[in-house]
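The block underneath contains the structure these notes are about, expressed in structure tokens.
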Amino acid sequence: MSHVGYLCGLSIAIPGEIRGYQMAHQRHGRLPWKQLFQPSIELAKNGFPISKALAKAIIETKTEIEEDISLCEVFCNSEGKILKKNDKIAFPKLAETYRIIAEEGPDAFYSGSLAQQIVKDIQAAGGIITLEDLQSYRPELTENPPQINIGEYKLRVPGAPSGGPVLGLILNILDGYNFSKDSVSTTEKKTLSYHRILEAFWFAYAKRSMLGDPRYVNITGLLHNMTSDYFADDIRSKISDNMTHPVQYYGPVFYIPDDHGTSHLSIVAEDGSAVAATSTINRYFGSHVRSRTSGILFNDEMEEFSSRFFENNNGMPPAPNNFIQPGKRPLSSMCPSIVFDKNNKVKMVVGASGGTRIIPATALVILNALFFDYDVNKAVTEPRMYIKFLPKIAEVEKDMDKNIIEELNLKKHQINETTLDSVVQAIVRQGNILDAESDYRKGGKPAGF
């Protein structure tokens, strides 16, 4: 066993998605459990052409794939070289695993016919997950998720340790500016709006460093503040319209590691019910541990926790609320969101993938669609801004208006151009019509419209 392989095994956390879907199906499902798996079984069994996004991930992980027998089994051609865009890829062993879960139910994964092999695969890679760990896993249900009032809308997001409270704080801060179509009608007005948005990002991300799993750390007061109007009002009063400030001004206390990856779906059904679902195995190909028996590619979610022994190069200590504990969930940027109008009807379903860029991307698309009056296509495709705390940098996509960049520079922002994009999926209801957009940044297009 190589040292790298050992570290990969230790990074694997309990895969919880099947239990999560089981809970959702028990509460809201109409179709038989078995039927839900059929499209995925067929796709994995028969294969599909490799997309631009998957090809990019394979290329960036070329060395690891070609040197690993199990990864190369599916991601390489007959000559042992990585597959490329438009090559066909299939996952026959994973298709069989899906069939078993479909036939036998979710327990097959956690305590039934698949469980012992899953534990064996993880432990063979150096992991420490046991059969008892799998059997005892339970999904967490929040009956009353955080609600943030923004203008005439109500935003519902998942609570900590997800990115929901951070997104809520950003939008709550910006709500006081009464953004409208006029706020982006000229270069000068758009620059001021974007400056205020960036400042809200800095303040909200500083508070993110104090979050953790509320089942293990007492963050009740912090969460109350992050969803309250008075807290947002106080932060807004500290935003200077003429300039940005050094990083210490925003009050970061701890350093937290970047999270990675994710995939998001936004769905509205015929009856008006809505789902915003974000899932992940973290980095490209997760832990790089793939079972040659089940075809499962395991996550590396344990890397999302802070290390007690890590201190970043600016001397900031790691976030203590995000230290590892058995059963604890690490901090995540995920923020699948549903927005309701004043009549409590679903107005918008939105979320993103892209690690730490998820929260600003989702915030910008919500602002674009609901306040700047962009149609959903423009709301999603408009060039976006992100932030990096250490060093303090505002990142902009390459198509951002150069005049706005120059004006932001005059406000002392350090601007870097980025090509590492987030990917947003959004649905917006206009009257009785649903408009949808699947982000072009990953070659997506909406289905069912």
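In the structure tokens, each chain is lettered A, B, ... as it comes, each chain's residues begin at 1, and ligands are numbered from 1 in order of appearance.
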
Write out as a PDB file with N, CA and C atoms, in the first residue's frame each polymer residue whose atoms come within 7 Å of Ala102 of chain A, counting only C-alpha atoms; drop sequence neighbours fewer than 5 positions from it.
```
ATOM      1  N   TRP A  33     -39.538   2.941  -5.474  1.00  0.00           N
ATOM      2  CA  TRP A  33     -38.098   3.152  -5.296  1.00  0.00           C
ATOM      3  C   TRP A  33     -37.309   2.547  -6.454  1.00  0.00           C
ATOM      4  N   LYS A  34     -37.656   1.341  -6.838  1.00  0.00           N
ATOM      5  CA  LYS A  34     -36.941   0.632  -7.898  1.00  0.00           C
ATOM      6  C   LYS A  34     -36.943   1.408  -9.207  1.00  0.00           C
ATOM      7  N   PHE A  37     -34.273   4.265 -10.134  1.00  0.00           N
ATOM      8  CA  PHE A  37     -32.898   3.952 -10.497  1.00  0.00           C
ATOM      9  C   PHE A  37     -32.723   3.577 -11.971  1.00  0.00           C
TER      10      PHE A  37
END
```

List the spatial neighbours of Pro145 of chain A as a list of chain:residue names - criterion: any atom at most 7 Å away, only C-alpha atoms, same-chain residues fewer than 5 positions off excluded.
A:Arg156, A:Val157, A:Pro158, A:Gly159

Pull C-alpha atoms from the residues just selected and write them as a PDB file, in the first residue's frame.
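The resulting part15.pdb:
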```pdb
ATOM      1  CA  ARG A 156     -35.066  29.131   2.369  1.00  0.00           C
ATOM      2  CA  VAL A 157     -31.621  27.555   2.688  1.00  0.00           C
ATOM      3  CA  PRO A 158     -30.062  24.622   4.580  1.00  0.00           C
ATOM      4  CA  GLY A 159     -28.514  25.491   7.917  1.00  0.00           C
TER       5      GLY A 159
END
```

Run DSSP on the backbone of this structure and report the residues of segment 213-412 of chain A it assigns to alpha helix (DSSP H), as a PyMOL selection string.
chain A and resi 220-226+229-237+358-370+376-381+402-410

Quick one: contact table of segment 144-190 of chain A to segment 399-407 of chain A, 8 Å max, nearest atom pair and distance in Å to one decimal per residue, counting only C-alpha atoms, chain and number order, as a Markdown table?
```
| residue | atom | partner | partner_atom | distance |
| --- | --- | --- | --- | --- |
| A:Thr187 | CA | A:Ile404 | CA | 6.4 |
| A:Glu188 | CA | A:Ile404 | CA | 7.8 |
| A:Lys190 | CA | A:Ile404 | CA | 7.5 |
```

Per residue of segment 284-325 of chain A within 12 Å of segment 40-54 of chain A, which atom pair is closest and at what distance in Å (one decimal), using only C-alpha atoms, listed by chain and increasing number, as CSV?
```
residue,atom,partner,partner_atom,distance
A:Tyr284,CA,A:Leu54,CA,9.3
A:Phe285,CA,A:Leu54,CA,10.3
A:Gly295,CA,A:Ala44,CA,10.3
A:Ile296,CA,A:Ala44,CA,11.7
```
